[in-house]
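Let me begin by presenting the structure, written as structure tokens, before commenting on it.
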Amino acid sequence: MRMRRKKWTEPVIADCPYYVEAPSTHRGQWRALFPNSQKLWLEIGCGKGVGTVQMAYDNRDANLIAIDEVRHVLAVSIQNTKAQYGDLPVDNLRFSAVDATRIFDTFCKEDGIERIYIHFCNPWNEKAKHHKRRLTHPRQLMQYREFLQDGGEIYLKTDDSGLFLASKRYFAECGFQIVYQTDDLHASGFSPNYVSEHEALYTSRSCPIHFCIAKMLPSEFVQTPVEP
Ligand SMILES: C[S@@+](CC[C@H](N)C(=O)[O-])C[C@H]1O[C@@H](n2cnc3c(N)ncnc32)[C@H](O)[C@@H]1O
């Protein structure tokens, strides 16, 4: 999703105490950016933060870092956070502009990230040579392995059955075990579920939502060679 930068983007970001500039300078020290020492989750490609903000608000016993490569959508997320939190301090949510293809620059094991959320990432279906741009491609999963805690989990939601099928294969190749899956999240009874902007859109078009939880196994479960 490419959005034109709006003129209010930078003032909103500059005025936001929970927006993190220069994310790679915090590598290994993200926990210090939160007042409460508690479990740490990461959402990659949060977009406008529609489900993100609700999830953080409802889970005050977790710290959540939400990243996207587009600063404008992060500014929209900040506006949504203000609307959700009102006068409450936003002490468990941080936003930052990070390109996930270089996420190894930003996080490492010392950060202690226990869970990753990837919701409605671009399926890059048009050409096979573009598959490596998927946020669930082995190229990405092997980076996530480098900083995810042992036994950590990736939560994936998508409307795209091709991406979902391929991602389950990528997970297996990269030493992740699918511990939960459904091809119709909203009929499954899985709870809690925080509906994202794209989830609402696809649901309004009667598209079922694919969802899985992939748990990271020890490195001996990584199949070699992993697809480059
Ligand atoms: C289709 S939108 C989904 C947004 C949101 N997760 C939702 O479900 O409504 C995909 C988001 O991923 C972000 N994105 C795509 N590639 C990325 C990358 N390499 N690093 C960080 N964010 C990325 C886009 O900017 C966009 O906001």
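Ligands are numbered from 1 in the order shown, chains are lettered A, B, ... in the order of the structure tokens, and residues start at 1 in each chain.
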
Counting only C-alpha atoms, which residues of range 196-218 of chain A fall within 12 Å of range 31-46 of chain A, and what is the closest atom pair for each with its distance in Å at one decimal, ordered by chain and rising number, as a tab-separated table?
residue	atom	partner	partner_atom	distance
A:Ser196	CA	A:Cys46	CA	8.6
A:Glu197	CA	A:Cys46	CA	9.5
A:His198	CA	A:Cys46	CA	10.4

- Please give me, as number ranges by chain, the residues lying within 9 Å of ligand 1 when counting only C-alpha atoms and all ligand atoms. A: 1-3, 43-52, 67-71, 73-74, 97-103, 117-123, 133-135, 157-158, 195-201

Restricted to N, CA and C atoms, what would the selected residues look like written as a CSV table (one decimal), in the first residue's frame?
chain,number,residue,atom,x,y,z
A,1,MET,N,0.8,-1.2,0.0
A,1,MET,CA,0.0,0.0,0.0
A,1,MET,C,0.9,1.2,0.0
A,2,ARG,N,0.8,2.0,-1.1
A,2,ARG,CA,1.6,3.3,-1.1
A,2,ARG,C,0.6,4.4,-0.9
A,3,MET,N,0.9,5.3,0.0
A,3,MET,CA,0.0,6.4,0.3
A,3,MET,C,0.8,7.7,0.1
A,43,GLU,N,4.0,-6.1,16.0
A,43,GLU,CA,3.1,-6.2,14.8
A,43,GLU,C,3.9,-5.7,13.6
A,44,ILE,N,4.0,-6.4,12.5
A,44,ILE,CA,4.7,-6.0,11.3
A,44,ILE,C,3.7,-5.6,10.2
A,45,GLY,N,3.8,-4.4,9.7
A,45,GLY,CA,2.8,-3.9,8.7
A,45,GLY,C,1.5,-3.6,9.3
A,46,CYS,N,1.5,-2.8,10.4
A,46,CYS,CA,0.3,-2.5,11.1
A,46,CYS,C,-0.7,-1.6,10.4
A,47,GLY,N,-0.2,-0.9,9.3
A,47,GLY,CA,-1.1,0.0,8.6
A,47,GLY,C,-1.7,1.1,9.5
A,48,LYS,N,-3.0,1.3,9.4
A,48,LYS,CA,-3.6,2.4,10.2
A,48,LYS,C,-3.9,2.0,11.6
A,49,GLY,N,-3.5,0.8,12.0
A,49,GLY,CA,-3.5,0.4,13.4
A,49,GLY,C,-4.9,0.2,13.9
A,50,VAL,N,-5.9,-0.1,13.1
A,50,VAL,CA,-7.3,-0.3,13.5
A,50,VAL,C,-7.4,-1.4,14.6
A,51,GLY,N,-6.9,-2.6,14.3
A,51,GLY,CA,-7.0,-3.7,15.2
A,51,GLY,C,-5.8,-3.6,16.3
A,52,THR,N,-4.7,-3.0,15.9
A,52,THR,CA,-3.5,-2.8,16.7
A,52,THR,C,-3.9,-2.1,18.0
A,67,ILE,N,5.0,-1.7,13.8
A,67,ILE,CA,5.9,-1.1,12.7
A,67,ILE,C,5.2,-1.2,11.4
A,68,ASP,N,5.6,-0.2,10.6
A,68,ASP,CA,5.2,-0.2,9.2
A,68,ASP,C,6.2,0.6,8.4
A,69,GLU,N,6.3,0.4,7.1
A,69,GLU,CA,7.4,1.1,6.4
A,69,GLU,C,6.8,2.5,5.9
A,70,VAL,N,5.5,2.7,6.1
A,70,VAL,CA,5.0,4.0,5.6
A,70,VAL,C,4.6,4.9,6.7
A,71,ARG,N,5.3,6.1,6.8
A,71,ARG,CA,5.1,7.0,7.9
A,71,ARG,C,3.7,7.5,8.0
A,73,VAL,N,0.8,6.1,7.3
A,73,VAL,CA,-0.2,5.2,8.0
A,73,VAL,C,0.1,5.1,9.5
A,74,LEU,N,1.4,5.3,9.8
A,74,LEU,CA,1.7,5.3,11.3
A,74,LEU,C,1.1,6.6,11.9
A,97,ALA,N,8.8,3.4,12.2
A,97,ALA,CA,8.9,3.2,10.7
A,97,ALA,C,10.1,2.2,10.5
A,98,VAL,N,9.7,1.0,10.1
A,98,VAL,CA,10.8,0.0,9.9
A,98,VAL,C,10.4,-0.7,8.6
A,99,ASP,N,11.4,-0.9,7.7
A,99,ASP,CA,11.2,-1.8,6.6
A,99,ASP,C,11.6,-3.2,7.0
A,100,ALA,N,10.5,-4.1,7.0
A,100,ALA,CA,10.7,-5.4,7.5
A,100,ALA,C,11.8,-6.2,6.8
A,101,THR,N,12.1,-5.8,5.5
A,101,THR,CA,13.1,-6.6,4.8
A,101,THR,C,14.5,-6.5,5.4
A,102,ARG,N,14.6,-5.4,6.3
A,102,ARG,CA,15.9,-5.2,7.0
A,102,ARG,C,15.7,-5.3,8.5
A,103,ILE,N,14.7,-6.1,8.9
A,103,ILE,CA,14.3,-6.1,10.3
A,103,ILE,C,15.4,-6.5,11.3
A,117,TYR,N,2.8,-10.4,15.1
A,117,TYR,CA,1.5,-10.4,14.3
A,117,TYR,C,1.8,-9.9,12.9
A,118,ILE,N,1.3,-10.7,11.9
A,118,ILE,CA,1.3,-10.2,10.5
A,118,ILE,C,-0.1,-10.3,10.0
A,119,HIS,N,-0.7,-9.2,9.7
A,119,HIS,CA,-2.1,-9.2,9.2
A,119,HIS,C,-2.2,-8.6,7.8
A,120,PHE,N,-2.7,-9.5,6.9
A,120,PHE,CA,-3.0,-9.0,5.6
A,120,PHE,C,-1.9,-8.4,4.9
A,121,CYS,N,-0.7,-9.1,4.9
A,121,CYS,CA,0.4,-8.6,4.2
A,121,CYS,C,0.1,-8.8,2.7
A,122,ASN,N,0.8,-8.0,1.9
A,122,ASN,CA,0.6,-8.1,0.4
A,122,ASN,C,1.0,-9.5,0.0
A,123,PRO,N,0.1,-10.2,-0.8
A,123,PRO,CA,0.5,-11.6,-1.2
A,123,PRO,C,1.5,-11.7,-2.3
A,133,ARG,N,9.2,-11.2,-1.6
A,133,ARG,CA,8.8,-9.9,-1.0
A,133,ARG,C,7.7,-10.1,0.1
A,134,ARG,N,7.1,-11.3,0.1
A,134,ARG,CA,6.1,-11.6,1.2
A,134,ARG,C,6.7,-11.5,2.6
A,135,LEU,N,5.9,-11.0,3.5
A,135,LEU,CA,6.4,-10.9,4.8
A,135,LEU,C,6.5,-12.2,5.6
A,157,LYS,N,-2.8,-13.6,9.7
A,157,LYS,CA,-4.2,-13.5,9.1
A,157,LYS,C,-4.1,-13.0,7.7
A,158,THR,N,-4.9,-13.6,6.8
A,158,THR,CA,-4.9,-13.2,5.4
A,158,THR,C,-6.3,-13.6,4.8
A,195,VAL,N,-10.1,-7.0,14.9
A,195,VAL,CA,-10.3,-6.8,13.5
A,195,VAL,C,-9.6,-5.7,12.9
A,196,SER,N,-8.7,-5.9,11.9
A,196,SER,CA,-7.9,-4.9,11.3
A,196,SER,C,-8.8,-4.2,10.2
A,197,GLU,N,-8.2,-3.1,9.7
A,197,GLU,CA,-8.8,-2.4,8.6
A,197,GLU,C,-9.1,-3.3,7.4
A,198,HIS,N,-8.1,-4.1,7.0
A,198,HIS,CA,-8.3,-4.9,5.8
A,198,HIS,C,-9.2,-6.1,6.1
A,199,GLU,N,-9.1,-6.6,7.3
A,199,GLU,CA,-10.0,-7.7,7.7
A,199,GLU,C,-11.5,-7.2,7.6
A,200,ALA,N,-11.8,-6.0,8.0
A,200,ALA,CA,-13.1,-5.5,7.9
A,200,ALA,C,-13.5,-5.4,6.5
A,201,LEU,N,-12.6,-4.9,5.7
A,201,LEU,CA,-12.9,-4.8,4.3
A,201,LEU,C,-13.2,-6.1,3.6

- Item | DSSP strand (DSSP E) selection over chain A, as a ChimeraX atom specification | /A:39-44,62-68,93-97,113-119,148-158,176-182,210-216

- Item | Spatial neighbours of range 215-217 of chain A, max dist 6 Å, only C-alpha atoms, sep filter under 4 positions, as a VMD selection string | chain A and resid 151 to 153 175 to 177

Prev. selection, N, CA and C atoms, output as a compact mmCIF listing (two decimals), in the first residue's frame:
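selection.txt was written with the following content:
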# COMPACT_ATOMS: atom_id res chain seq x y z
N GLY A 151 10.31 -20.73 21.35
CA GLY A 151 8.90 -21.06 21.55
C GLY A 151 7.95 -19.91 21.21
N GLY A 152 8.51 -18.81 20.68
CA GLY A 152 7.68 -17.66 20.31
C GLY A 152 6.76 -18.01 19.15
N GLU A 153 5.76 -17.15 18.94
CA GLU A 153 4.72 -17.48 17.95
C GLU A 153 4.52 -16.35 16.95
N GLY A 175 11.23 -24.17 10.35
CA GLY A 175 11.23 -24.67 11.72
C GLY A 175 10.15 -24.09 12.60
N PHE A 176 8.99 -23.83 12.01
CA PHE A 176 7.82 -23.39 12.81
C PHE A 176 6.76 -24.48 12.71
N GLN A 177 6.07 -24.73 13.82
CA GLN A 177 4.98 -25.72 13.84
C GLN A 177 3.65 -24.98 13.92

Enumerate the residues of range 98-226 of chain A with a DSSP assignment of helix (DSSP H, G or I), computed from the backbone, and present them as an mmCIF file with C-alpha atoms, in the first residue's frame.
data_model
loop_
_atom_site.group_PDB
_atom_site.id
_atom_site.type_symbol
_atom_site.label_atom_id
_atom_site.label_comp_id
_atom_site.auth_asym_id
_atom_site.auth_seq_id
_atom_site.Cartn_x
_atom_site.Cartn_y
_atom_site.Cartn_z
ATOM 1 C CA ALA A 100 10.719 -5.416 7.526
ATOM 2 C CA THR A 101 13.057 -6.611 4.808
ATOM 3 C CA ARG A 102 15.883 -5.245 6.991
ATOM 4 C CA ILE A 103 14.311 -6.060 10.340
ATOM 5 C CA PHE A 104 17.526 -7.693 11.559
ATOM 6 C CA ASP A 105 18.883 -4.125 11.889
ATOM 7 C CA LYS A 109 17.241 -11.812 20.888
ATOM 8 C CA GLU A 110 17.953 -9.429 23.778
ATOM 9 C CA ASP A 111 14.691 -7.640 22.984
ATOM 10 C CA ALA A 128 6.721 -16.040 -8.712
ATOM 11 C CA LYS A 129 9.862 -13.944 -8.589
ATOM 12 C CA HIS A 130 8.003 -11.492 -6.318
ATOM 13 C CA HIS A 131 7.203 -14.128 -3.672
ATOM 14 C CA LYS A 132 10.369 -13.268 -1.820
ATOM 15 C CA ARG A 133 8.769 -9.902 -0.960
ATOM 16 C CA PRO A 138 11.582 -17.819 4.304
ATOM 17 C CA ARG A 139 13.855 -14.835 3.733
ATOM 18 C CA GLN A 140 11.749 -13.030 6.341
ATOM 19 C CA LEU A 141 11.040 -15.975 8.636
ATOM 20 C CA MET A 142 14.755 -16.688 9.013
ATOM 21 C CA GLN A 143 15.218 -13.067 10.119
ATOM 22 C CA TYR A 144 12.347 -13.370 12.608
ATOM 23 C CA ARG A 145 13.989 -16.520 14.025
ATOM 24 C CA GLU A 146 17.016 -14.390 14.901
ATOM 25 C CA PHE A 147 15.101 -12.259 17.394
ATOM 26 C CA SER A 161 -5.643 -18.631 0.124
ATOM 27 C CA GLY A 162 -2.524 -18.845 -2.094
ATOM 28 C CA LEU A 163 -0.474 -16.829 0.370
ATOM 29 C CA PHE A 164 -1.857 -18.842 3.277
ATOM 30 C CA LEU A 165 -0.963 -22.180 1.691
ATOM 31 C CA ALA A 166 2.525 -21.012 0.738
ATOM 32 C CA SER A 167 3.075 -19.493 4.184
ATOM 33 C CA LYS A 168 2.267 -22.793 5.912
ATOM 34 C CA ARG A 169 4.965 -24.392 3.748
ATOM 35 C CA TYR A 170 7.396 -21.578 4.551
ATOM 36 C CA PHE A 171 6.701 -22.055 8.266
ATOM 37 C CA ALA A 172 7.484 -25.779 8.048
ATOM 38 C CA GLU A 173 10.685 -25.122 6.072
ATOM 39 C CA LEU A 185 -11.566 -17.182 11.460
ATOM 40 C CA HIS A 186 -14.880 -15.486 12.107
ATOM 41 C CA ALA A 187 -16.792 -18.772 12.118
ATOM 42 C CA SER A 188 -14.126 -20.527 14.198
ATOM 43 C CA GLU A 197 -8.846 -2.396 8.574
ATOM 44 C CA HIS A 198 -8.272 -4.916 5.781
ATOM 45 C CA GLU A 199 -10.002 -7.675 7.702
ATOM 46 C CA ALA A 200 -13.133 -5.520 7.948
ATOM 47 C CA LEU A 201 -12.898 -4.751 4.256
ATOM 48 C CA TYR A 202 -12.597 -8.380 3.129
ATOM 49 C CA THR A 203 -15.234 -9.511 5.586
ATOM 50 C CA SER A 204 -17.648 -6.947 4.156
ATOM 51 C CA SER A 219 16.933 -24.565 15.085
ATOM 52 C CA GLU A 220 17.390 -28.283 14.345
ATOM 53 C CA PHE A 221 13.872 -28.218 12.872
#

- Message: Quick check, in Å to one decimal: how far apart do CA of Thr81 in chain A and CA of Arg115 in chain A lie?
- Response: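 These two atoms are separated by 20.8 Å.
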
- Asn92 in chain A surroundings by only C-alpha atoms, 9 Å radius, close-in-sequence under 5 positions cut, as a list in words: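 Everything that qualifies: Tyr18, Phe34, Pro35, Asn36, Ala56, Tyr57, Asn59, Arg60, Asp61, Ala62, Asn63, Leu64 and Ile65 of chain A.
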
- Go through A:Cys212, A:Cys207, A:Ile113, A:Val90 and flag the residue nearest Gln149 in chain A, using only C-alpha atoms for the distances.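 Selected residue with least distance to Gln149 in chain A: A:Ile113.
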
- Message: Between CA of Ala75 in chain A and CA of Leu88 in chain A, what distance in Å does the model show, to one decimal?
- Response: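 Going from CA of Ala75 in chain A over to CA of Leu88 in chain A, I get 18.8 Å.
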
- Item | Between CA of Ile178 in chain A and CA of Lys127 in chain A - distance in Å to one decimal |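 Separating CA of Lys127 in chain A from CA of Ile178 in chain A is a distance of 26.4 Å.
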
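Between Pro23 in chain A and the residues A:Ala83, A:Arg94, A:Val53, A:Ser77, the shortest atom-to-atom distance, using only C-alpha atoms, involves A:Arg94.
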